[in-house]
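Worksheet: the structure to be examined is printed underneath.
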Amino acid sequence: MTRVFSRQALRYRWLIFWILSLGYLLVFFHRLCPAVVAVDMMRDLHAGGGLIGLLGSAYFYPYAIMQIPAGLLSDSWGPRRTISSFLVIACGGSILLGLAPTTSWAVTGRVLVGLGVSTLFVCTLKVFSQWFHAREFAYMTGIFMAMGGLGSFLAAGPLAYVSTWVGWRSSFLLVGGATLLIALLVGLLIRDTPEDLGKREQTTPAETVPATFSLGKGVRTVLAEPAFWPFAVWFFCNSGIYFSFIGLWGGPYLLHVYGISKAEAGTILSLSAVGLMAGSPLVSFLSNRVFRARRPVLILSSIISLCLLAPLAFATDSLPLPALYLICLGIGATNGSVVVVAFTAVKELFPLQIAGTATGLINLFPFAGGAVLQPLLGYILERNGRVAEIFATAGYTKALFILFICAALACGCSFLMRETFGDEGSGR
């Protein structure tokens with residue numbers, strides 16, 4: 001259907017957009033916040049690297065598992081009720097994390113947080129499809145992703161300062177309160193469609209795509225497509241790097257190897273958010289306007305990512321601080337932002353009837369990357385020993401080499417990707 005929006009709907013949709021964008025800011029904050037407080041948590045919870053790695057990755061398991069159910073809930077229960085109800089769960093998880101007396105309780109809190117924020121992205125895309133014209137959709141999604149970058153920024157430098165002032169536990173209690181506030185705003189003010197606002201919008205008939213695929217058939221079709229798998233492995237490696245370094249172990253690495261303050265480490269990590277916010281619209285522009293292709297942007301980004309990981313792996317303890325700033329900026333601009341282009345390419349691989357199924361399935365892989373690599377790196381660090389709660393530089397060298405290997409795999413996969421520009425919904 002092609003919508004002709006009333007003036008009331010044209011104004012109201014911006015309120016909806018900014019409320020959901022604030023929610024996505026919190027999604028990214030919850031995802032990446034352990035990095036700058038990991039050392040404090042290890043000390044207070046008497047946990048080693050493996051347990052902290054499990055704590056950080058506990059967010060990703062329920063998030064990944066919920067991607068397809070989130071679409072089903074969005075269709076059956078509605079985005080407004082789904083998002084607001086699940087954000088209440090995230091609020092409880094954040095509060096439990098702040099009060100946790102042991103690592104097991106903290107892990108439970110992180111699981112609840114991951115479960116609670118898992119539905120927002122998929123449900124928001126459905127709301128946008130109802131409130132914005134198709135020609136506006138990509139642009140609005142780009143701004144929405146940039147708000148996630150702002151959440152990444154708040155989870156770095158600002159959280160480092162706040163946690164230094166009030167402690168990491170009180171920080172998570174405050175975040176839980178903010179999550180509850182967003183849940184209330186969504187429940188009270190969001191409307192799933194313009195019709196729900198009270199005025200039925202004028203519509204003109206448009207060609208529709210028959211729903212000829214059942215869920216099971218759609219899943220089988222996606223998984224049986226050979227072109228899907230280079231993207232899947234790429235997502236696992238590319239996002240696994242981002243979540244593992246920026247989201248957890250980058251903070252301890254900067255504190256332990258370079259001996260800088262938590263505040264300065266947070267400032268360095270916050271450069272990844274700047275890269276993400278600036279990179280998201282830039283890579284979309286390069287793909288749509290300059291190259292008019294998806295594959296060259298993904299290849300270029302993967303090569304840059306490989307070059308950024310090389311000095312971390314091979315000069316782990318001898319990099320000047322300006323280089324660390326640039327590396328974090330670059331990881332945000334490549335590993336973080338280029339997923340916008342990759343998601344678009346995957347959607348274009350398949351017929352419109354199963355584009356949502358394809359997006360849900362591919363969205364499992366970035367979070368699987370974080371779920372696997374975060375505890376793996378923690379295990380490697382723990383195996384290489386620590387002195388006075390400080391992990392050995394040799395452990396970080398081995399851990400960062402794992403990320404370098406992941407960058408090399410992602411780079412290889414980018415050359416195997418099928419070009420999809422201009423073929424949306426063709427399924428060829």
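In the structure tokens, the first chain shown is A, the next is B, and so on; residue numbers restart at 1 for each chain, and ligands run from 1 in the order shown.
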
Tell me, as a PDB file with C-alpha atoms, in the first residue's frame, which residues lie within 7 Å of Arg294 of chain A, counting only C-alpha atoms; anything in the same chain fewer than 5 positions away does not count.
ATOM      1  CA  SER A 287      27.247   2.159  -1.672  1.00  0.00           C
ATOM      2  CA  VAL A 341      25.363  -2.198   3.793  1.00  0.00           C
ATOM      3  CA  ALA A 345      22.787  -6.827   0.574  1.00  0.00           C
ATOM      4  CA  GLU A 419      26.777  -8.270  -5.808  1.00  0.00           C
ATOM      5  CA  THR A 420      23.103  -7.392  -5.138  1.00  0.00           C
ATOM      6  CA  PHE A 421      22.768  -3.682  -5.947  1.00  0.00           C
TER       7      PHE A 421
END

Tell me which protein, DNA and RNA residues are within 8 Å of Phe236 of chain A, counting only C-alpha atoms, leaving out same-chain ones fewer than 2 positions away, and put them as a short mmCIF file (atom, residue, chain, number, x, y, z; two decimals) with N, CA and C atoms, in the first residue's frame.
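Below you can see selection-v4.cif, which holds the result:
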data_model
loop_
_atom_site.label_atom_id
_atom_site.label_comp_id
_atom_site.auth_asym_id
_atom_site.auth_seq_id
_atom_site.Cartn_x
_atom_site.Cartn_y
_atom_site.Cartn_z
N ALA A 232 27.15 -14.75 6.16
CA ALA A 232 27.00 -15.26 7.52
C ALA A 232 28.35 -15.31 8.24
N VAL A 233 29.36 -15.89 7.58
CA VAL A 233 30.70 -15.97 8.19
C VAL A 233 31.28 -14.58 8.38
N TRP A 234 31.07 -13.72 7.40
CA TRP A 234 31.55 -12.33 7.52
C TRP A 234 30.94 -11.65 8.74
N ASN A 238 33.23 -10.24 11.62
CA ASN A 238 33.29 -8.78 11.66
C ASN A 238 32.69 -8.23 12.95
N SER A 239 31.47 -8.65 13.28
CA SER A 239 30.82 -8.14 14.48
C SER A 239 31.41 -8.76 15.74
N GLY A 240 31.92 -10.00 15.64
CA GLY A 240 32.60 -10.59 16.79
C GLY A 240 33.79 -9.78 17.21
N PHE A 365 24.09 -14.22 13.36
CA PHE A 365 25.54 -14.45 13.26
C PHE A 365 26.39 -13.38 13.93
N PRO A 366 26.07 -12.08 13.84
CA PRO A 366 26.90 -11.12 14.57
C PRO A 366 26.89 -11.35 16.06
N PHE A 367 25.74 -11.72 16.60
CA PHE A 367 25.66 -11.92 18.05
C PHE A 367 26.24 -13.27 18.46
N ALA A 368 26.19 -14.24 17.55
CA ALA A 368 26.92 -15.49 17.80
C ALA A 368 28.42 -15.22 17.87
N GLY A 369 28.90 -14.31 17.02
CA GLY A 369 30.32 -13.93 17.07
C GLY A 369 30.71 -13.36 18.42
N GLY A 370 29.89 -12.44 18.95
CA GLY A 370 30.17 -11.90 20.27
C GLY A 370 30.07 -12.95 21.35
#

A:Ala342, A:Ala9, A:Ala315, A:Leu321 ranked by distance to Gln130 of chain A, top pick (using only C-alpha atoms): A:Ala9

Counting only C-alpha atoms, which residues in segment 132-180 of chain A sit no more than 10 Å from segment 40-51 of chain A? For each one, give the nearest pair of atoms and the distance in Å, sorted by chain then residue number, as a tab-separated table.
residue	atom	partner	partner_atom	distance
A:Ser163	CA	A:Asp40	CA	9.4
A:Thr164	CA	A:Asp40	CA	9.8
A:Gly167	CA	A:Asp40	CA	8.7
A:Trp168	CA	A:Asp40	CA	7.3
A:Arg169	CA	A:Met41	CA	8.9

Neighbour list for segment 22-30 of chain A as an NGL selection string, cut-off 9 Å, only C-alpha atoms, skip fewer than 4 positions in-chain: :A and (17-18 or 34 or 59 or 87 or 94 or 110 or 113-114 or 117-118 or 120-121 or 144-156 or 175 or 178-179 or 182-183 or 186)

Among the residues A:Pro320, A:Pro296, A:Pro281, A:Gly78, the one that comes closest to Val340 of chain A [using only C-alpha atoms]: A:Pro281
